[in-house]
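Structure file my_file.cif (mmCIF, C-alpha atoms) is printed below.
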data_run
#
loop_
_atom_site.label_atom_id
_atom_site.label_comp_id
_atom_site.auth_asym_id
_atom_site.auth_seq_id
_atom_site.Cartn_x
_atom_site.Cartn_y
_atom_site.Cartn_z
CA MET G 1 12.63 6.02 27.92
CA LEU G 2 11.25 4.24 24.85
CA THR G 3 8.70 6.08 22.67
CA PHE G 4 5.95 4.08 20.91
CA VAL G 5 4.83 5.88 17.75
CA THR G 6 1.12 5.08 17.62
CA THR G 7 -2.31 6.66 17.84
CA ASN G 8 -3.53 3.69 19.91
CA PRO G 9 -3.10 3.89 23.73
CA GLY G 10 -4.06 0.19 24.01
CA LYS G 11 -0.85 -0.75 22.19
CA VAL G 12 1.18 1.35 24.61
CA HIS G 13 -0.35 -0.49 27.57
CA GLU G 14 0.43 -3.87 25.99
CA ALA G 15 4.02 -2.73 25.33
CA GLU G 16 4.46 -1.64 28.97
CA GLU G 17 3.84 -5.24 30.09
CA TYR G 18 7.10 -6.17 28.34
CA LEU G 19 9.17 -2.99 28.41
CA GLY G 20 8.32 -1.08 31.56
CA SER G 21 7.31 2.54 31.20
CA VAL G 22 6.71 3.57 27.57
CA GLU G 23 5.84 6.99 26.21
CA GLN G 24 3.22 7.47 23.46
CA PHE G 25 4.05 9.67 20.46
CA ASP G 26 0.98 10.45 18.35
CA PHE G 27 2.85 11.06 15.08
CA ASP G 28 1.41 10.34 11.64
CA TYR G 29 4.43 8.80 9.92
CA THR G 30 4.43 7.89 6.21
CA GLU G 31 3.28 4.33 5.49
CA VAL G 32 5.02 3.11 2.35
CA GLN G 33 3.92 0.32 0.01
CA ALA G 34 6.01 -2.85 0.45
CA GLU G 35 5.66 -6.64 0.40
CA GLU G 36 7.11 -6.95 3.89
CA LEU G 37 5.80 -5.37 7.08
CA GLY G 38 9.42 -4.89 8.15
CA ALA G 39 10.13 -2.43 5.34
CA ILE G 40 6.99 -0.41 6.18
CA ALA G 41 7.73 -0.23 9.91
CA ALA G 42 11.45 0.51 9.30
CA HIS G 43 10.59 3.48 7.07
CA GLY G 44 8.18 4.78 9.72
CA ALA G 45 10.73 4.31 12.52
CA ARG G 46 13.40 6.27 10.63
CA GLU G 47 10.96 9.12 9.99
CA ALA G 48 9.72 9.14 13.59
CA TYR G 49 13.24 9.00 15.01
CA ARG G 50 14.19 12.09 12.99
CA GLU G 51 11.13 13.83 14.41
CA ALA G 52 11.44 12.66 18.04
CA GLY G 53 15.24 12.55 18.40
CA GLU G 54 15.00 9.72 20.94
CA PRO G 55 14.61 5.90 20.80
CA VAL G 56 11.35 4.99 19.02
CA ILE G 57 9.39 1.87 18.11
CA VAL G 58 6.87 1.57 15.26
CA ASP G 59 4.72 -1.52 14.69
CA ASP G 60 2.78 -2.97 11.79
CA SER G 61 0.57 -6.04 11.61
CA GLY G 62 -1.22 -8.11 9.00
CA LEU G 63 -2.87 -11.38 8.07
CA PHE G 64 -0.83 -13.41 5.57
CA VAL G 65 -2.76 -16.13 3.69
CA ASP G 66 -0.36 -18.75 2.29
CA VAL G 67 -2.19 -19.62 -0.93
CA PHE G 68 -2.34 -15.93 -1.88
CA ASP G 69 1.38 -15.49 -1.32
CA GLY G 70 0.71 -13.40 1.77
CA PHE G 71 -2.29 -11.34 0.65
CA PRO G 72 -3.79 -9.26 2.23
CA GLY G 73 -0.52 -8.91 4.21
CA PRO G 74 0.61 -5.28 4.40
CA TYR G 75 -2.79 -4.12 3.08
CA SER G 76 -4.88 -6.08 5.61
CA SER G 77 -6.58 -3.02 7.03
CA TYR G 78 -7.51 -1.67 3.56
CA VAL G 79 -8.83 -5.09 2.45
CA GLU G 80 -10.82 -5.49 5.68
CA SER G 81 -12.60 -2.16 5.21
CA HIS G 82 -13.08 -2.41 1.42
CA VAL G 83 -13.67 -6.11 0.78
CA GLY G 84 -14.59 -7.42 4.23
CA ILE G 85 -13.51 -10.56 6.07
CA GLU G 86 -16.55 -12.57 4.91
CA ARG G 87 -15.36 -12.17 1.31
CA VAL G 88 -11.76 -13.01 2.27
CA TRP G 89 -13.17 -16.28 3.64
CA ARG G 90 -15.21 -16.79 0.45
CA LEU G 91 -12.08 -16.23 -1.65
CA THR G 92 -10.08 -18.75 0.41
CA GLU G 93 -12.80 -21.41 0.76
CA PRO G 94 -12.38 -23.14 -2.65
CA GLU G 95 -8.57 -23.34 -2.28
CA ASP G 96 -6.88 -26.54 -1.08
CA ASP G 97 -4.63 -24.74 1.38
CA HIS G 98 -6.29 -22.61 4.09
CA GLY G 99 -3.06 -21.95 6.01
CA ALA G 100 -2.38 -18.40 7.21
CA ARG G 101 -0.42 -16.45 9.79
CA PHE G 102 -0.93 -13.30 11.79
CA LYS G 103 2.25 -11.25 11.90
CA THR G 104 3.39 -8.21 13.83
CA VAL G 105 6.72 -6.51 13.34
CA ILE G 106 8.24 -3.90 15.60
CA ALA G 107 10.90 -1.57 14.21
CA TYR G 108 13.36 -0.03 16.68
CA CYS G 109 15.53 3.00 15.94
CA ASP G 110 17.75 4.99 18.30
CA GLY G 111 20.19 6.42 15.73
CA GLU G 112 23.02 4.13 16.88
CA GLU G 113 24.77 1.60 14.67
CA PHE G 114 23.96 -2.11 15.03
CA ASP G 115 23.32 -5.13 12.87
CA ALA G 116 20.32 -3.56 11.18
CA VAL G 117 17.71 -4.32 8.58
CA SER G 118 18.57 -3.06 5.14
CA ASP G 119 16.15 -2.80 2.24
CA GLU G 120 15.84 -0.95 -1.04
CA SER G 121 14.10 1.99 0.62
CA VAL G 122 17.21 2.78 2.68
CA ARG G 123 19.03 5.90 1.47
CA ASP G 124 22.50 7.13 2.41
CA GLY G 125 22.52 8.70 5.84
CA ASP G 126 19.40 6.87 7.07
CA PRO G 127 19.63 5.78 10.70
CA PRO G 128 19.79 1.97 11.23
CA VAL G 129 16.66 0.07 12.24
CA LYS G 130 16.27 -3.29 13.96
CA ILE G 131 13.18 -5.47 13.25
CA PHE G 132 11.47 -7.92 15.66
CA GLU G 133 8.80 -10.24 14.30
CA GLY G 134 6.05 -12.16 16.07
CA VAL G 135 4.05 -14.80 14.17
CA VAL G 136 1.01 -16.90 15.07
CA PRO G 137 0.13 -19.70 12.60
CA GLY G 138 -3.48 -20.63 11.90
CA THR G 139 -6.16 -21.49 9.38
CA ILE G 140 -8.74 -19.40 7.52
CA VAL G 141 -12.26 -20.60 8.41
CA GLU G 142 -15.87 -19.49 8.04
CA PRO G 143 -16.48 -16.61 10.50
CA ARG G 144 -17.10 -17.78 14.11
CA GLY G 145 -17.24 -15.86 17.39
CA ASP G 146 -18.21 -12.38 18.53
CA GLY G 147 -15.03 -11.18 20.24
CA GLY G 148 -11.90 -9.51 18.95
CA PHE G 149 -11.73 -7.29 15.89
CA GLY G 150 -10.52 -7.32 12.29
CA TYR G 151 -9.84 -10.80 10.92
CA ASP G 152 -10.27 -12.55 14.31
CA PRO G 153 -13.54 -14.36 13.35
CA ILE G 154 -11.96 -16.11 10.32
CA PHE G 155 -8.57 -16.92 11.95
CA GLU G 156 -8.51 -20.26 13.76
CA HIS G 157 -5.59 -21.24 15.99
CA ASP G 158 -5.59 -24.65 17.74
CA GLY G 159 -9.27 -25.25 16.91
CA THR G 160 -10.55 -21.87 18.18
CA THR G 161 -10.98 -18.62 16.26
CA PHE G 162 -9.44 -15.49 17.77
CA ALA G 163 -12.99 -14.10 18.02
CA GLU G 164 -14.01 -17.08 20.21
CA MET G 165 -11.14 -16.57 22.68
CA SER G 166 -11.16 -14.48 25.83
CA THR G 167 -8.93 -11.41 25.67
CA GLU G 168 -6.57 -13.13 28.15
CA ALA G 169 -6.30 -16.30 26.04
CA LYS G 170 -5.70 -14.22 22.90
CA ASN G 171 -3.10 -12.00 24.55
CA ALA G 172 -1.26 -15.10 25.78
CA ILE G 173 -0.58 -16.12 22.16
CA SER G 174 -0.49 -12.60 20.72
CA HIS G 175 1.76 -12.00 17.68
CA ARG G 176 2.38 -8.48 18.99
CA GLY G 177 3.33 -9.97 22.37
CA ARG G 178 5.80 -12.33 20.69
CA ALA G 179 7.45 -9.41 18.87
CA LEU G 180 7.52 -7.33 22.09
CA ALA G 181 9.15 -10.22 23.99
CA LYS G 182 11.94 -10.43 21.39
CA LEU G 183 12.46 -6.65 21.51
CA SER G 184 12.58 -6.70 25.31
CA GLU G 185 15.17 -9.50 25.30
CA TRP G 186 17.39 -7.65 22.81
CA LEU G 187 17.13 -4.35 24.69
CA GLU G 188 18.34 -6.10 27.84
CA GLU G 189 21.11 -8.04 26.08
CA SER G 190 22.42 -4.87 24.48
CA ASP G 191 22.17 -2.91 27.76
CA ARG G 192 19.60 -0.51 26.36
CA ILE G 193 17.18 -0.90 29.28
CA MET E 1 11.51 19.94 -21.08
CA LEU E 2 9.18 17.71 -19.07
CA THR E 3 10.66 14.73 -17.21
CA PHE E 4 8.58 11.54 -16.82
CA VAL E 5 9.64 9.66 -13.68
CA THR E 6 9.22 6.04 -14.70
CA THR E 7 11.16 2.85 -15.35
CA ASN E 8 8.94 2.14 -18.39
CA PRO E 9 10.06 3.59 -21.77
CA GLY E 10 6.66 2.64 -23.28
CA LYS E 11 4.97 5.18 -21.03
CA VAL E 12 7.38 7.87 -22.19
CA HIS E 13 6.52 7.16 -25.83
CA GLU E 14 2.78 7.36 -25.09
CA ALA E 15 3.33 10.67 -23.26
CA GLU E 16 5.25 12.10 -26.23
CA GLU E 17 2.14 11.71 -28.41
CA TYR E 18 0.47 14.32 -26.19
CA LEU E 19 3.33 16.44 -24.87
CA GLY E 20 6.03 16.54 -27.53
CA SER E 21 9.54 15.58 -26.44
CA VAL E 22 9.68 14.06 -22.93
CA GLU E 23 12.72 12.96 -20.98
CA GLN E 24 12.77 9.72 -18.95
CA PHE E 25 14.05 9.78 -15.36
CA ASP E 26 14.58 6.29 -13.96
CA PHE E 27 14.16 7.21 -10.28
CA ASP E 28 12.75 4.87 -7.66
CA TYR E 29 10.50 7.26 -5.71
CA THR E 30 8.70 6.22 -2.52
CA GLU E 31 5.22 4.79 -3.10
CA VAL E 32 3.05 5.58 -0.07
CA GLN E 33 -0.09 3.79 1.06
CA ALA E 34 -3.24 5.81 0.33
CA GLU E 35 -6.88 5.33 -0.74
CA GLU E 36 -6.44 7.67 -3.70
CA LEU E 37 -3.98 7.33 -6.56
CA GLY E 38 -3.62 11.12 -6.52
CA ALA E 39 -2.04 11.12 -3.07
CA ILE E 40 0.44 8.40 -4.08
CA ALA E 41 1.48 10.13 -7.32
CA ALA E 42 1.65 13.55 -5.62
CA HIS E 43 4.03 12.22 -2.96
CA GLY E 44 6.20 10.69 -5.68
CA ALA E 45 6.20 13.87 -7.76
CA ARG E 46 7.31 16.00 -4.78
CA GLU E 47 10.15 13.57 -4.04
CA ALA E 48 11.20 13.35 -7.70
CA TYR E 49 11.06 17.14 -8.15
CA ARG E 50 13.42 17.58 -5.20
CA GLU E 51 15.78 15.08 -6.82
CA ALA E 52 15.54 16.33 -10.42
CA GLY E 53 15.13 20.08 -9.83
CA GLU E 54 13.07 20.44 -13.02
CA PRO E 55 9.40 19.90 -14.02
CA VAL E 56 8.41 16.25 -13.44
CA ILE E 57 5.39 14.02 -13.93
CA VAL E 58 4.64 10.81 -12.00
CA ASP E 59 1.76 8.49 -12.88
CA ASP E 60 -0.16 5.79 -11.06
CA SER E 61 -2.94 3.51 -12.29
CA GLY E 62 -5.38 1.01 -10.87
CA LEU E 63 -8.59 -0.96 -11.31
CA PHE E 64 -11.39 0.27 -9.02
CA VAL E 65 -14.27 -2.19 -8.48
CA ASP E 66 -17.40 -0.35 -7.31
CA VAL E 67 -18.88 -3.02 -5.02
CA PHE E 68 -15.55 -3.30 -3.17
CA ASP E 69 -15.37 0.45 -2.63
CA GLY E 70 -12.50 0.71 -5.11
CA PHE E 71 -10.48 -2.42 -4.26
CA PRO E 72 -7.93 -3.35 -5.57
CA GLY E 73 -7.43 0.34 -6.46
CA PRO E 74 -4.01 1.60 -5.37
CA TYR E 75 -2.88 -1.99 -4.69
CA SER E 76 -3.90 -3.38 -8.10
CA SER E 77 -0.43 -4.52 -9.01
CA TYR E 78 0.10 -6.32 -5.67
CA VAL E 79 -3.33 -8.01 -5.89
CA GLU E 80 -2.71 -9.07 -9.50
CA SER E 81 0.57 -10.79 -8.62
CA HIS E 82 -0.57 -12.28 -5.28
CA VAL E 83 -4.24 -13.15 -5.84
CA GLY E 84 -4.53 -13.14 -9.64
CA ILE E 85 -7.20 -11.70 -11.91
CA GLU E 86 -9.10 -15.02 -12.18
CA ARG E 87 -9.75 -14.84 -8.41
CA VAL E 88 -10.69 -11.14 -8.62
CA TRP E 89 -13.35 -12.22 -11.13
CA ARG E 90 -14.43 -15.08 -8.83
CA LEU E 91 -14.74 -12.61 -5.95
CA THR E 92 -16.86 -10.22 -8.03
CA GLU E 93 -19.05 -12.82 -9.77
CA PRO E 94 -21.63 -13.40 -6.97
CA GLU E 95 -22.11 -9.65 -6.40
CA ASP E 96 -25.07 -7.79 -7.95
CA ASP E 97 -22.94 -4.89 -9.18
CA HIS E 98 -20.03 -5.70 -11.52
CA GLY E 99 -19.25 -2.05 -12.31
CA ALA E 100 -15.62 -0.94 -12.28
CA ARG E 101 -13.30 1.69 -13.67
CA PHE E 102 -9.70 1.86 -14.79
CA LYS E 103 -8.04 5.03 -13.53
CA THR E 104 -4.75 6.75 -14.21
CA VAL E 105 -3.58 9.87 -12.45
CA ILE E 106 -0.67 12.05 -13.47
CA ALA E 107 0.95 14.31 -10.87
CA TYR E 108 2.79 17.38 -12.11
CA CYS E 109 5.29 19.37 -10.07
CA ASP E 110 7.58 22.21 -11.13
CA GLY E 111 8.05 23.92 -7.76
CA GLU E 112 5.84 26.89 -8.73
CA GLU E 113 2.67 27.89 -6.91
CA PHE E 114 -0.73 27.09 -8.44
CA ASP E 115 -4.12 25.79 -7.42
CA ALA E 116 -2.71 22.50 -6.18
CA VAL E 117 -3.85 19.26 -4.63
CA SER E 118 -3.59 19.19 -0.88
CA ASP E 119 -3.83 16.08 1.25
CA GLU E 120 -2.85 14.95 4.71
CA SER E 121 0.57 13.82 3.51
CA VAL E 122 1.53 17.40 2.60
CA ARG E 123 4.04 18.93 5.03
CA ASP E 124 5.09 22.56 5.36
CA GLY E 125 7.48 23.55 2.63
CA ASP E 126 6.36 20.82 0.20
CA PRO E 127 6.20 21.99 -3.42
CA PRO E 128 2.65 22.16 -4.89
CA VAL E 129 1.42 19.36 -7.14
CA LYS E 130 -1.34 19.34 -9.75
CA ILE E 131 -3.28 16.11 -10.47
CA PHE E 132 -4.85 15.03 -13.77
CA GLU E 133 -7.15 12.01 -13.82
CA GLY E 134 -8.25 9.78 -16.67
CA VAL E 135 -11.06 7.25 -16.13
CA VAL E 136 -12.55 4.50 -18.32
CA PRO E 137 -15.76 2.89 -16.99
CA GLY E 138 -16.44 -0.80 -17.53
CA THR E 139 -17.64 -4.10 -16.10
CA ILE E 140 -15.83 -7.01 -14.46
CA VAL E 141 -16.38 -10.20 -16.50
CA GLU E 142 -15.03 -13.74 -16.76
CA PRO E 143 -11.57 -13.55 -18.42
CA ARG E 144 -11.70 -13.23 -22.24
CA GLY E 145 -9.02 -12.38 -24.81
CA ASP E 146 -5.28 -12.89 -25.16
CA GLY E 147 -4.04 -9.34 -25.62
CA GLY E 148 -3.09 -6.60 -23.19
CA PHE E 149 -1.75 -7.22 -19.69
CA GLY E 150 -2.81 -7.03 -16.06
CA TYR E 151 -6.57 -6.87 -15.55
CA ASP E 152 -7.34 -6.41 -19.28
CA PRO E 153 -8.99 -9.87 -19.72
CA ILE E 154 -11.61 -9.22 -16.97
CA PHE E 155 -12.33 -5.56 -17.84
CA GLU E 156 -15.09 -5.12 -20.42
CA HIS E 157 -15.78 -1.74 -22.03
CA ASP E 158 -18.62 -1.38 -24.58
CA GLY E 159 -19.01 -5.16 -24.92
CA THR E 160 -15.31 -5.94 -25.48
CA THR E 161 -12.62 -6.76 -22.94
CA PHE E 162 -9.40 -4.76 -23.08
CA ALA E 163 -7.62 -8.06 -23.84
CA GLU E 164 -9.82 -8.55 -26.94
CA MET E 165 -9.00 -5.10 -28.37
CA SER E 166 -6.18 -4.20 -30.73
CA THR E 167 -3.51 -1.98 -29.18
CA GLU E 168 -4.80 0.89 -31.35
CA ALA E 169 -8.41 0.47 -30.19
CA LYS E 170 -7.28 0.26 -26.57
CA ASN E 171 -5.00 3.31 -26.82
CA ALA E 172 -7.88 5.29 -28.34
CA ILE E 173 -9.85 4.92 -25.08
CA SER E 174 -6.84 4.73 -22.77
CA HIS E 175 -7.28 6.10 -19.23
CA ARG E 176 -3.63 7.16 -19.33
CA GLY E 177 -4.30 8.95 -22.64
CA ARG E 178 -7.25 10.79 -21.07
CA ALA E 179 -5.06 12.00 -18.21
CA LEU E 180 -2.26 12.99 -20.60
CA ALA E 181 -4.73 14.99 -22.73
CA LYS E 182 -5.88 16.96 -19.66
CA LEU E 183 -2.28 17.61 -18.63
CA SER E 184 -1.37 18.77 -22.15
CA GLU E 185 -4.34 21.16 -22.23
CA TRP E 186 -3.42 22.67 -18.87
CA LEU E 187 0.26 23.04 -19.76
CA GLU E 188 -0.76 25.01 -22.87
CA GLU E 189 -3.36 27.12 -21.06
CA SER E 190 -0.84 28.06 -18.37
CA ASP E 191 1.88 28.78 -20.96
CA ARG E 192 4.11 26.00 -19.64
CA ILE E 193 4.72 24.47 -23.09
#
Give the structure from the file, written as structure tokens.
Amino acid sequence: MLTFVTTNPGKVHEAEEYLGSVEQFDFDYTEVQAEELGAIAAHGAREAYREAGEPVIVDDSGLFVDVFDGFPGPYSSYVESHVGIERVWRLTEPEDDHGARFKTVIAYCDGEEFDAVSDESVRDGDPPVKIFEGVVPGTIVEPRGDGGFGYDPIFEHDGTTFAEMSTEAKNAISHRGRALAKLSEWLEESDRI
Amino acid sequence: MLTFVTTNPGKVHEAEEYLGSVEQFDFDYTEVQAEELGAIAAHGAREAYREAGEPVIVDDSGLFVDVFDGFPGPYSSYVESHVGIERVWRLTEPEDDHGARFKTVIAYCDGEEFDAVSDESVRDGDPPVKIFEGVVPGTIVEPRGDGGFGYDPIFEHDGTTFAEMSTEAKNAISHRGRALAKLSEWLEESDRI
């Protein structure tokens, strides 16, 4: 069975819609600093696999604003709590380009060899990790809507902010869902589930 | 002899003014995500000590803006390259409080026991680490001056931005210098040099 390394049971339930039964592992892995979510999740997956000794997935998500070369990106949660989404809107407003994307990556590690992600943080003897990415494109707008959480009120997709959507509508275009669908497909193709 | 874990020979020369002869160790330690510079440098020092097997120091610096609860703080370098200091000024300008501080921490590890920093990233068996902090208070202003680097043009101290100061004037109030002075004092007190 697949183990989802997370403190959030809601993520486990979302994963089960794509992967069948999933176990939760409440393990506080090391989050490294990196430009790319993939490098952060891969590092966490290697650490968690060493701890769990069975197939694990680790996810990471962020809002990437084009004109800021991806900022707040890997530090979205820190920027949300320290600067606030209203100020992220205020920072973006005077720019010509308001394009942005929500991204989720899922890192999978089961200790076996496969065509794996490699980055500068990989040391000799590290187990291989495979990365699956889900992306939803959108636009940064003035905050609208009461639903969702995090950056949802300032992220507009197809004319509606994520905070204006029903949970069902949002889940239907979820970046995490897109990453989970790719993982599920690969697990089946490679006879892992 | 003390080993400074850094890719920057300029830092080694500055350290030698306080500590006598210092060796440079060009080792790419893992930078973790954390609110506090101390936790990031401590993690690096533990990793570098395991690699070097002799007394090491690791430093980390950042600009902490009060009204943003420290942002950009530990991610100052990322924010500088992705958002730019002009936009950090623009973000701060409409706020009532423009107060900020430059901080440097130095983490020292020699594998011996002492009254050490402890944080949630510490695992059983980790060597103890001691943290020394240097802080310079100031104000975020519209960019002025051609000298220095990084956030220097928007950081004003006693009426002058760091980019308007001579290197000598800046070094005399350096946050890194303040941390190095504390480290030097402690090393002498504890008969380590």
Residues of chain E within 6 Å of chain G: nearest atom pair and distance (Å, one decimal) for each, counting all atoms listed in the file, sorted by chain and number, as JSON lines?
{"residue": "E:Glu31", "atom": "CA", "partner": "G:Gln33", "partner_atom": "CA", "distance": 5.6}
{"residue": "E:Val32", "atom": "CA", "partner": "G:Val32", "partner_atom": "CA", "distance": 4.0}
{"residue": "E:Gln33", "atom": "CA", "partner": "G:Val32", "partner_atom": "CA", "distance": 5.3}
{"residue": "E:Phe68", "atom": "CA", "partner": "G:Val83", "partner_atom": "CA", "distance": 5.2}
{"residue": "E:Asp69", "atom": "CA", "partner": "G:His82", "partner_atom": "CA", "distance": 5.5}
{"residue": "E:His82", "atom": "CA", "partner": "G:Phe68", "partner_atom": "CA", "distance": 5.3}
{"residue": "E:Val83", "atom": "CA", "partner": "G:Phe68", "partner_atom": "CA", "distance": 5.2}
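CA of Ala179 (chain G) to CA of Val135 (chain G) spans 7.9 Å [interatomic distance, one decimal].
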Name the residues that the PyMOL selection byres ((chain E and resi 141) around 12) picks from the file above, as a PyMOL selection string, using the file's chain letters and numbers. chain E and resi 65+85-95+97-100+138-140+142-145+151-157+159-163
If we count only C-alpha atoms and set the cut-off at 7 Å, which residues sit around Val58 (chain G), ignoring sequence neighbours fewer than 6 positions away in its own chain? Please answer as a ChimeraX atom specification. /G:4-5,41,44-45,106-108
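The spacing separating CA of Trp186 (chain E) from CA of Glu47 (chain E) amounts to 22.1 Å.
Here the PyMOL selection byres ((chain G and resi 21) around 12) matches the residues Met1, Leu2, Thr3, Phe4, Val12, His13, Glu14, Ala15, Glu16, Glu17, Tyr18, Leu19, Gly20, Val22, Glu23, Gln24 and Ile193 of chain G.
Across the model, the gap from CA of Val56 (chain G) to CA of Pro128 (chain G) is 11.9 Å.
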